[in-house]
Structure formats: C-alpha cells, structure tokens
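One file, protein-v8.cif, is given below (mmCIF, C-alpha atoms).
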data_run
#
loop_
_atom_site.label_atom_id
_atom_site.label_comp_id
_atom_site.auth_asym_id
_atom_site.auth_seq_id
_atom_site.Cartn_x
_atom_site.Cartn_y
_atom_site.Cartn_z
CA MET N 1 154.31 123.79 80.58
CA GLY N 2 153.04 120.24 80.24
CA ILE N 3 150.99 120.59 83.45
CA LEU N 4 149.38 123.78 82.16
CA GLU N 5 148.53 122.11 78.87
CA SER N 6 147.11 119.12 80.68
CA GLY N 7 144.91 121.38 82.80
CA THR N 8 143.74 123.28 79.74
CA ASN N 9 142.89 120.04 77.99
CA LYS N 10 140.86 118.91 80.99
CA ILE N 11 138.89 122.16 80.96
CA SER N 12 138.29 121.85 77.24
CA LEU N 13 137.24 118.23 77.63
CA GLY N 14 134.85 119.16 80.42
CA ARG N 15 133.25 121.88 78.35
CA GLY N 16 133.04 119.49 75.43
CA LEU N 17 131.15 116.96 77.52
CA ASP N 18 128.81 119.69 78.75
CA LYS N 19 128.02 120.59 75.15
CA VAL N 20 127.39 116.94 74.29
CA ALA N 21 125.08 116.60 77.28
CA GLU N 22 123.24 119.79 76.35
CA ALA N 23 122.73 118.67 72.77
CA ALA N 24 121.53 115.22 73.84
CA ILE N 25 119.04 116.50 76.42
CA LEU N 26 117.74 119.25 74.14
CA CYS N 27 117.10 116.59 71.52
CA LEU N 28 115.45 114.07 73.87
CA LEU N 29 113.27 116.56 75.74
CA GLY N 30 112.59 118.53 72.57
CA ASN N 31 111.07 115.38 71.11
CA ALA N 32 108.69 115.43 74.06
CA GLY N 33 107.51 118.85 72.95
CA LEU N 34 109.27 120.68 75.78
CA LYS N 35 110.81 124.13 75.34
CA ILE N 36 114.11 124.37 77.22
CA PHE N 37 116.07 127.60 77.55
CA ALA N 38 116.95 130.32 80.05
CA GLU N 39 113.78 132.39 79.59
CA GLU N 40 110.67 132.56 81.73
CA SER N 41 108.43 131.45 78.86
CA ALA N 42 110.14 128.05 78.63
CA ASP N 43 108.70 124.80 79.96
CA ILE N 44 112.06 124.16 81.61
CA ILE N 45 113.96 127.32 82.55
CA VAL N 46 117.64 126.42 82.81
CA ARG N 47 119.48 128.35 85.57
CA ASP N 48 122.69 126.30 85.52
CA PRO N 49 124.00 124.50 82.40
CA SER N 50 125.27 121.59 84.52
CA PHE N 51 121.58 120.59 84.55
CA TYR N 52 122.11 118.85 81.21
CA ALA N 53 124.91 116.57 82.42
CA ASP N 54 122.94 115.77 85.61
CA VAL N 55 119.98 114.52 83.60
CA LEU N 56 122.04 112.74 80.95
CA THR N 57 124.11 110.78 83.48
CA LYS N 58 121.55 110.22 86.26
CA GLY N 59 118.16 110.22 84.55
CA SER N 60 115.17 110.80 86.86
CA LEU N 61 117.47 111.12 89.88
CA GLY N 62 119.47 113.85 88.16
CA LEU N 63 116.31 115.67 87.06
CA GLY N 64 114.92 115.79 90.60
CA ASP N 65 118.21 116.59 92.33
CA SER N 66 119.01 119.39 89.91
CA TYR N 67 115.58 120.93 90.59
CA MET N 68 116.25 120.82 94.34
CA GLU N 69 119.57 122.56 93.73
CA GLY N 70 117.92 125.35 91.73
CA LYS N 71 119.48 124.42 88.40
CA TRP N 72 116.12 124.62 86.63
CA ASP N 73 112.62 125.90 87.25
CA SER N 74 109.17 125.35 85.84
CA ASP N 75 105.66 126.42 86.72
CA LYS N 76 104.33 123.17 85.27
CA ILE N 77 106.53 120.39 86.63
CA ASP N 78 103.66 117.93 86.35
CA GLU N 79 103.37 118.52 82.61
CA VAL N 80 107.15 118.23 82.17
CA ILE N 81 107.20 114.87 83.97
CA CYS N 82 104.10 113.68 82.11
CA ARG N 83 105.64 114.31 78.71
CA ILE N 84 108.98 112.77 79.69
CA LEU N 85 107.28 109.61 80.91
CA LYS N 86 104.96 109.31 77.93
CA LEU N 87 107.89 109.52 75.54
CA GLY N 88 109.92 106.99 77.53
CA VAL N 89 112.87 109.37 77.98
CA TYR N 90 113.91 107.91 81.34
CA GLN N 91 114.40 104.51 79.76
CA LYS N 92 117.00 106.07 77.46
CA LEU N 93 118.90 107.74 80.31
CA ALA N 94 121.08 106.11 82.97
CA PRO N 95 119.34 102.69 82.84
CA VAL N 96 121.97 101.36 85.26
CA TYR N 97 120.08 102.95 88.18
CA ASN N 98 116.93 100.97 87.47
CA ILE N 99 118.90 97.77 86.83
CA VAL N 100 120.78 98.05 90.14
CA ARG N 101 117.52 98.71 92.03
CA GLN N 102 115.83 95.68 90.45
CA ILE N 103 118.77 93.40 91.25
CA LYS N 104 118.92 94.71 94.80
CA SER N 105 115.21 94.10 95.34
CA ARG N 106 115.63 90.48 94.24
CA VAL N 107 118.60 89.82 96.49
CA VAL N 108 117.58 91.85 99.56
CA ASN N 109 114.19 92.24 101.24
CA LEU N 110 113.90 96.03 101.03
CA GLN N 111 110.96 96.12 103.42
CA ASP N 112 112.12 93.80 106.21
CA ARG N 113 111.74 94.93 109.84
CA GLU N 114 114.90 97.02 109.84
CA ARG N 115 114.49 98.66 106.43
CA SER N 116 110.80 99.34 107.04
CA ARG N 117 111.85 101.81 109.71
CA GLU N 118 113.82 103.96 107.24
CA VAL N 119 110.75 105.58 105.71
CA ILE N 120 109.28 106.10 109.19
CA GLU N 121 112.35 107.84 110.54
CA ARG N 122 112.96 109.98 107.46
CA HIS N 123 109.40 110.86 106.48
CA TYR N 124 106.57 109.92 108.81
CA ASP N 125 108.33 110.89 112.04
CA LEU N 126 108.47 114.53 110.96
CA PRO N 127 106.46 116.68 113.40
CA ALA N 128 102.70 116.41 113.02
CA GLU N 129 102.60 120.21 113.13
CA PHE N 130 104.44 120.27 109.79
CA TYR N 131 101.93 117.97 108.07
CA ALA N 132 99.09 120.03 109.54
CA GLN N 133 100.17 122.93 107.32
CA PHE N 134 99.13 121.20 104.09
CA LEU N 135 96.86 118.28 105.01
CA ASP N 136 93.16 118.51 105.88
CA PRO N 137 91.92 118.56 109.51
CA TYR N 138 91.78 114.73 109.51
CA PHE N 139 95.42 114.45 108.37
CA GLN N 140 94.59 112.38 105.31
CA TYR N 141 97.81 111.66 103.42
CA THR N 142 96.21 109.83 100.49
CA CYS N 143 94.06 111.15 97.66
CA GLY N 144 90.60 112.50 98.36
CA ARG N 145 87.52 112.14 96.17
CA PHE N 146 86.73 115.36 94.33
CA GLU N 147 83.12 114.50 93.62
CA GLY N 148 81.07 117.66 93.32
CA THR N 149 83.73 119.73 95.08
CA ASP N 150 87.10 121.32 94.45
CA ASP N 151 87.83 121.74 98.18
CA LEU N 152 90.45 119.40 99.63
CA ASP N 153 88.84 119.16 103.07
CA GLU N 154 85.49 118.15 101.60
CA ALA N 155 87.14 115.73 99.16
CA GLN N 156 88.84 113.95 102.05
CA ARG N 157 85.57 113.71 104.00
CA ILE N 158 83.91 112.20 100.92
CA LYS N 159 86.79 109.69 100.61
CA MET N 160 86.52 108.59 104.25
CA ASP N 161 82.73 108.34 104.15
CA ASN N 162 82.97 106.25 100.98
CA ILE N 163 85.38 103.86 102.72
CA CYS N 164 83.02 103.47 105.66
CA LYS N 165 80.06 102.79 103.38
CA LYS N 166 82.00 100.22 101.37
CA LEU N 167 82.82 98.39 104.61
CA GLU N 168 79.17 98.65 105.77
CA LEU N 169 80.31 99.77 109.21
CA LYS N 170 77.83 99.47 112.07
CA PRO N 171 77.83 101.04 115.55
CA GLY N 172 79.88 99.10 118.07
CA GLU N 173 82.00 97.24 115.52
CA LYS N 174 85.74 97.00 116.04
CA VAL N 175 87.89 98.35 113.22
CA MET N 176 91.66 98.12 112.80
CA ASP N 177 93.36 100.79 110.67
CA MET N 178 96.67 99.34 109.49
CA GLY N 179 99.30 102.03 109.01
CA GLY N 180 96.67 104.49 110.23
CA GLY N 181 98.88 107.59 110.19
CA TRP N 182 97.83 110.33 112.60
CA GLY N 183 94.51 108.66 113.39
CA GLY N 184 92.29 110.80 111.16
CA LEU N 185 90.38 108.00 109.43
CA ALA N 186 89.87 106.25 112.79
CA GLN N 187 88.58 109.56 114.21
CA PHE N 188 86.15 109.97 111.33
CA MET N 189 84.86 106.39 111.69
CA ALA N 190 84.36 106.81 115.43
CA GLU N 191 82.60 110.17 115.11
CA ASN N 192 80.32 109.30 112.20
CA TYR N 193 79.83 105.53 112.43
CA ARG N 194 80.34 105.02 116.19
CA VAL N 195 82.81 102.18 115.81
CA ASP N 196 85.64 101.21 118.16
CA PRO N 197 88.90 101.87 116.25
CA THR N 198 92.47 100.68 116.79
CA VAL N 199 95.32 102.26 114.84
CA VAL N 200 98.49 100.31 114.03
CA THR N 201 101.50 102.49 113.24
CA LEU N 202 105.27 102.09 113.33
CA SER N 203 105.81 105.83 113.80
CA GLY N 204 106.53 107.16 117.26
CA GLU N 205 105.50 110.68 116.20
CA GLN N 206 102.17 109.48 114.83
CA ALA N 207 101.48 107.41 117.95
CA ARG N 208 102.30 110.45 120.12
CA HIS N 209 99.92 112.64 118.12
CA ILE N 210 97.09 110.10 118.36
CA LYS N 211 97.45 109.76 122.12
CA GLU N 212 97.64 113.53 122.67
CA LYS N 213 94.77 114.46 120.34
CA HIS N 214 92.40 111.54 120.74
CA GLY N 215 93.19 110.22 124.22
CA ASP N 216 91.02 107.21 125.02
CA LYS N 217 88.75 107.69 121.97
CA MET N 218 90.81 105.12 120.10
CA LYS N 219 93.53 102.58 120.79
CA VAL N 220 96.94 102.78 119.16
CA GLU N 221 99.48 99.99 118.74
CA ARG N 222 102.94 101.25 117.87
CA CYS N 223 104.45 98.21 116.19
CA ASP N 224 105.34 96.52 112.94
CA TYR N 225 102.36 94.76 111.33
CA ARG N 226 104.27 91.53 111.91
CA ASP N 227 104.19 92.16 115.66
CA ILE N 228 100.56 93.04 116.37
CA PRO N 229 99.81 91.75 119.90
CA GLY N 230 98.09 88.38 120.08
CA SER N 231 95.32 89.90 122.19
CA HIS N 232 93.81 91.29 118.96
CA GLU N 233 93.58 87.91 117.25
CA GLY N 234 90.15 87.41 115.66
CA ALA N 235 88.87 90.67 117.18
CA PHE N 236 88.06 92.98 114.28
CA ASP N 237 84.93 93.24 112.16
CA ALA N 238 86.73 95.31 109.53
CA VAL N 239 90.25 96.39 108.59
CA THR N 240 91.43 99.35 106.53
CA ALA N 241 94.87 99.58 104.91
CA VAL N 242 95.02 103.02 103.31
CA GLY N 243 98.35 104.11 101.84
CA VAL N 244 100.37 101.37 103.52
CA LEU N 245 100.80 98.66 100.88
CA GLU N 246 103.36 100.83 99.06
CA HIS N 247 105.69 100.33 102.06
CA VAL N 248 105.10 96.60 102.50
CA GLY N 249 106.76 95.28 99.34
CA HIS N 250 105.43 92.36 97.31
CA GLU N 251 107.84 89.89 98.93
CA ASN N 252 106.12 90.58 102.25
CA TYR N 253 102.54 90.46 100.99
CA PRO N 254 101.99 86.96 102.44
CA ASP N 255 103.07 88.13 105.92
CA PHE N 256 100.99 91.29 105.68
CA ILE N 257 97.89 89.47 104.44
CA GLU N 258 98.29 86.85 107.16
CA ALA N 259 98.58 89.56 109.83
CA VAL N 260 95.38 91.18 108.59
CA ALA N 261 93.45 87.90 108.36
CA ARG N 262 94.67 86.65 111.75
CA ASN N 263 93.21 89.66 113.54
CA MET N 264 89.83 89.61 111.79
CA LYS N 265 86.61 87.85 112.64
CA GLN N 266 85.25 85.30 110.21
CA SER N 267 83.74 87.13 107.22
CA GLY N 268 85.41 90.35 108.35
CA ARG N 269 85.70 93.06 105.69
CA LEU N 270 88.91 94.54 104.30
CA LEU N 271 89.48 97.71 102.26
CA VAL N 272 92.90 98.35 100.71
CA HIS N 273 93.59 101.77 99.20
CA THR N 274 96.94 101.96 97.40
CA LEU N 275 99.03 103.36 94.59
CA TYR N 276 99.76 100.66 92.03
CA SER N 277 101.66 100.19 88.81
CA PRO N 278 99.69 99.77 85.56
CA HIS N 279 102.54 97.62 84.26
CA ALA N 280 103.25 93.96 84.96
CA ALA N 281 106.54 94.63 86.75
CA THR N 282 106.83 96.31 90.13
CA ALA N 283 107.92 99.94 89.92
CA SER N 284 110.02 102.36 91.96
CA ASN N 285 111.32 105.90 91.53
CA PRO N 286 115.06 106.48 92.21
CA TRP N 287 114.51 110.11 93.28
CA ALA N 288 111.57 109.33 95.58
CA ASP N 289 113.49 106.35 96.96
CA LYS N 290 116.37 108.66 97.89
CA HIS N 291 114.44 111.64 99.26
CA ILE N 292 110.84 110.73 100.14
CA PHE N 293 109.91 107.04 100.49
CA PRO N 294 113.00 104.86 101.02
CA ASN N 295 112.44 101.29 99.81
CA GLY N 296 108.97 102.07 98.47
CA GLU N 297 107.45 99.90 95.75
CA LEU N 298 104.41 99.90 93.52
CA ALA N 299 103.08 96.50 92.56
CA SER N 300 100.71 95.69 89.72
CA ARG N 301 96.97 95.29 90.27
CA LYS N 302 97.28 91.62 89.28
CA LEU N 303 99.98 91.01 91.89
CA ILE N 304 97.94 92.70 94.61
CA GLU N 305 94.77 90.79 93.76
CA GLY N 306 96.69 87.51 93.68
CA ALA N 307 98.05 88.11 97.18
CA LEU N 308 94.66 89.08 98.58
CA ALA N 309 93.04 85.98 97.07
CA GLU N 310 95.19 83.75 99.30
CA ARG N 311 93.10 84.61 102.38
CA PHE N 312 90.22 86.75 101.13
CA GLU N 313 87.37 86.65 98.66
CA PRO N 314 85.84 89.54 96.68
CA ALA N 315 83.19 91.43 98.64
CA ALA N 316 81.28 93.73 96.34
CA GLY N 317 78.74 95.65 98.40
CA PRO N 318 75.50 97.43 97.44
CA GLY N 319 76.62 99.72 94.64
CA TYR N 320 80.31 99.18 95.39
CA PRO N 321 82.69 97.17 93.18
CA VAL N 322 85.41 94.81 94.34
CA PHE N 323 87.96 97.07 92.64
CA GLU N 324 87.63 100.78 91.94
CA ASP N 325 90.17 102.95 90.16
CA ILE N 326 90.13 106.49 91.59
CA THR N 327 93.29 107.79 89.89
CA PRO N 328 91.86 111.12 88.61
CA ASN N 329 91.44 112.28 92.21
CA TYR N 330 95.16 112.16 92.99
CA HIS N 331 96.27 115.04 90.76
CA PRO N 332 94.00 117.67 92.43
CA THR N 333 95.00 116.29 95.84
CA LEU N 334 98.71 116.73 95.12
CA ARG N 335 98.18 120.21 93.70
CA ALA N 336 96.20 121.22 96.80
CA TRP N 337 99.00 119.98 99.07
CA LYS N 338 101.53 121.95 97.02
CA ASP N 339 99.46 125.14 97.19
CA ARG N 340 98.86 124.82 100.92
CA LEU N 341 102.53 124.15 101.70
CA THR N 342 103.56 127.14 99.59
CA ALA N 343 101.04 129.40 101.32
CA ALA N 344 102.17 128.21 104.76
CA ARG N 345 105.80 128.99 103.96
CA VAL N 346 104.96 132.44 102.59
CA ALA N 347 102.94 133.18 105.72
CA GLY N 348 105.83 132.09 107.93
CA LYS N 349 103.90 129.22 109.49
CA ILE N 350 106.73 126.82 108.67
CA GLN N 351 110.47 127.42 108.51
CA MET N 352 112.10 125.58 105.61
CA ASP N 353 115.21 126.35 103.60
CA GLU N 354 114.94 126.71 99.83
CA LYS N 355 116.37 123.30 98.95
CA GLU N 356 114.03 121.47 101.34
CA PHE N 357 111.05 123.44 100.07
CA ARG N 358 111.91 122.65 96.47
CA LYS N 359 112.18 118.97 97.41
CA TRP N 360 108.57 118.91 98.61
CA ILE N 361 107.28 120.86 95.62
CA TYR N 362 109.05 118.50 93.24
CA TYR N 363 107.69 115.48 95.16
CA PHE N 364 104.09 116.65 94.86
CA MET N 365 104.25 117.75 91.25
CA SER N 366 106.41 114.92 89.89
CA TYR N 367 103.89 112.43 91.29
CA ALA N 368 101.14 114.53 89.72
CA GLY N 369 102.97 114.21 86.39
CA ALA N 370 103.28 110.44 86.81
CA ILE N 371 99.53 110.31 87.42
CA LYS N 372 98.82 112.35 84.26
CA ALA N 373 101.09 110.02 82.27
CA GLU N 374 99.29 106.98 83.77
CA HIS N 375 102.54 105.56 85.09
CA VAL N 376 101.04 105.54 88.59
CA ARG N 377 97.45 104.72 89.43
CA VAL N 378 95.31 104.62 92.58
CA GLY N 379 92.88 101.85 93.41
CA GLN N 380 90.67 100.51 96.18
CA PHE N 381 90.19 96.78 96.76
CA LEU N 382 87.20 95.47 98.73
CA TYR N 383 87.46 91.94 100.15
CA ARG N 384 86.04 89.68 102.83
CA LYS N 385 87.82 87.07 104.93
CA ALA N 386 87.25 83.69 103.34
CA GLU N 387 85.32 81.14 105.39
#
Write out the structure in this file as structure tokens.
Amino acid sequence: MGILESGTNKISLGRGLDKVAEAAILCLLGNAGLKIFAEESADIIVRDPSFYADVLTKGSLGLGDSYMEGKWDSDKIDEVICRILKLGVYQKLAPVYNIVRQIKSRVVNLQDRERSREVIERHYDLPAEFYAQFLDPYFQYTCGRFEGTDDLDEAQRIKMDNICKKLELKPGEKVMDMGGGWGGLAQFMAENYRVDPTVVTLSGEQARHIKEKHGDKMKVERCDYRDIPGSHEGAFDAVTAVGVLEHVGHENYPDFIEAVARNMKQSGRLLVHTLYSPHAATASNPWADKHIFPNGELASRKLIEGALAERFEPAAGPGYPVFEDITPNYHPTLRAWKDRLTAARVAGKIQMDEKEFRKWIYYFMSYAGAIKAEHVRVGQFLYRKAE
C-alpha cells in the first residue's frame, strides 16, 4: 500500500510541477505580448504541455529543442524570438547554462585546432548538394544585400560585387578567401574582376566541391588558418574573410590576424564580413551551439576593431566606409533560405525527417528573430595592412 501511495504522490507532484511551469511560462511570455494556447490562432501553438517545463528549466535550449520535437508550432518564430529577447525572458530562465558556457570559454580555448573541426564535421561537411537546395548559385552562406531587389540570387550578386568594389580589385591581383566555403565568392571575383583566387577551407567536402566544380580556375588550400603553407607568405593583394570570424573566437584573434597579415603584400587590403554582438560581452546561443555551430562566438564591434588595429589600419575607399552595418539584409536572407529549403523538401529534392527539418527551420527563423531584436548584427570591416 505504501508503494502505491508513494507512486501516486510522485504522479501528483509531477503534475503539480507541470502546472507551476505552465503558469510561470504563460506569465513570462504573456508579458512579451505572446498568445500561447493549443489553437491555430496563437503565436505559440502548444502541442505537448511538457513544453512549459522544457522552457522553464532549460531556457533558450529548451525552447529550441521542444520545437524540434514538435511540442509547439508557430508561423512566426522570428517574431516570437524577437519579443522574448526584447523582454529579456532568457535572462530569467535557466541562467546556469549561460554561466557554465562563460566559465568554460575562459578556461578552455573553444576554437583551438581540435575544437575548430567540430563545426566543420557537423555542419560544413554536409553534402554540397544539400546546401544547393536553398543557397544561391554561388553558394553564398552569409547575408546578401537586398538593394533594389527582393530576389536572393540578385541580392547575393550585389553583396559580392560590393565586396570587390570595396577592395578595389584589379585584373591579375591575387586574392585569398579565408574560410571561403564552396568557392562561390572566389568564382565571382575571378569571373567579374579577373583576379587569381585562392580559397582556404578546413572542410573536406567544400574542398572537394571546389576542385570538382572549378578545377584549375582557382587554388584551394584545405587547412586550418594557422597552417597556411609558407609558400603564400606575402603573396596576396587582398584578403576576404566572410562569415569566418564567428568560428575563430576572440582568444584566437591575434593568431588569425597574424595569419592574414603574414600572407599579404604591404598595403594589402582586407575585408571582414561577420556577425557581431551589439553588447560589450561576447555572446553565444546554447541551442545553436548544440545543434548548428559548435563553439561559435559573437564578439563585440569594439573587440573586433581592437584586434584588427594590431596589424591593420582603416582603409576607407571611394564612397566606402571603414565599417558598414548591413544588419537589415540578414532577415530577408534567412527567410529566403527557409522558403527554399521548405520548397525543396515538398518537391522531394531532399530527404529529411521531420525533426531534422524542424531544426533547420528553427535555426533560420530564430536567427531572424535575434536580428529583429537587435541582439545579433552584421557588419563589414575594411582595412589595409599597416606599413
């Protein structure tokens, strides 16, 4: 009899905790102006009541994981995330996750040679054919520039052309694209500005794609930025680092900056395009760290500029500033990726189970929400190697 009573008490206690979690989350998210119930008209449509405990105990990690598991739905995830961030709800939930991550980052170099490979193996080494389903023909995996267009392909061409103009590229110049992905920017520079590009990537899949698609039209070095062959020393007129600084980590900025400077000619030009934090402290996202970009980090603009100033000097060009914030372009880019991935799955062009699909949708739209809330920004830095 005692065992039965004990079991009953446990069930009652569990239900009691669920009710506490539900009340707490309804209050917190309700204060953000969000409607939460099991009807299609809600901002958050609850499919499984364990959603409340997930969010209460795990914060942003619980919110993302419970979406992947189908415990809630929304046709405006970006707006949900935007309101949560603006109200500071995450700071009131499961702060231990952020504290542990901050302590870990101070004790351990999260982007050393070994850990830098984690994001490559789990994200960038996915088949190029998969990324082709939602990226533009040049495989640009950073935000475009929606200037006079709402078409993703055109926005990416405008972005690449803008980069080339900022660097004042001339025919015959040698350009190194650090973390150059699938070689799309290098391809664009070679086709439209007749330069001689070299792509540096740590990804075996990206290197394979570049060699198969571009052959001898560009060189590719598959290596860590710390291990670029000495034969390139002092060889490049310009360097691009687009969407790579997020994976370097501020502790490694000196090594990264030194690697860039070492391989440039005197007065060589550098363009860095990166996500950055508008706050003084570096930032990370527990859910993205777990599922998308292991060991990723967003540094502040001040921290980035301080690191660049060690070896470079500002290089404003004709009509181009040393720093340009292009944040508004990231939201339409993310939405376009989401729409294209969804269409590809519906058309049967990619095979992906429901949980994996929901992971990618949440990734795109949660970042879009962070952009709307101005918790994540996008900037370009234009510098020249100091004499």
Handout entry: Reference answer for the PyMOL selection byres ((chain N and resi 176) around 7), as a PyMOL selection string
Key = chain N and resi 174-175+177-178+197-199+236+238-240
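Residues lying at most 9 Å from (90.8, 97.0, 101.6) in file coordinates, with all atoms listed in the file considered, are Ile163, Leu167, Val239, Thr240, Ala241, Val242, Arg269, Leu270, Leu271, Val272, His273, Thr274, Gln380, Phe381, Leu382, Tyr383 and Arg384 of chain N.
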Practice task
Would you work out the distance separating atom CA of N:Gly180 from atom CA of N:Glu147, expressed in Å to one decimal?
Solution key: 23.7 Å
Problem - Residue contacts of stretch 36-52 of chain N (9 Å, all atoms listed in the file) excluding same-chain residues fewer than 5 positions away, as a list in words - result: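 Here the answer would be Asp18, Lys19, Val20, Ala21, Glu22, Ala23, Ala24, Ile25, Leu26, Leu29, Gly30, Thr57, Gly62, Leu63, Ser66, Tyr67, Gly70, Lys71, Trp72, Asp73, Ser74, Asp75, Lys76, Ile77, Glu79 and Val80 of chain N.
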Handout entry: Output check: residues returned by the PyMOL selection byres ((chain N and resi 335-349) around 12), as a VMD selection string
Key = chain N and resid 75 to 78 129 to 136 139 to 144 146 150 to 153 155 to 156 329 to 334 350 to 354 356 to 369 371
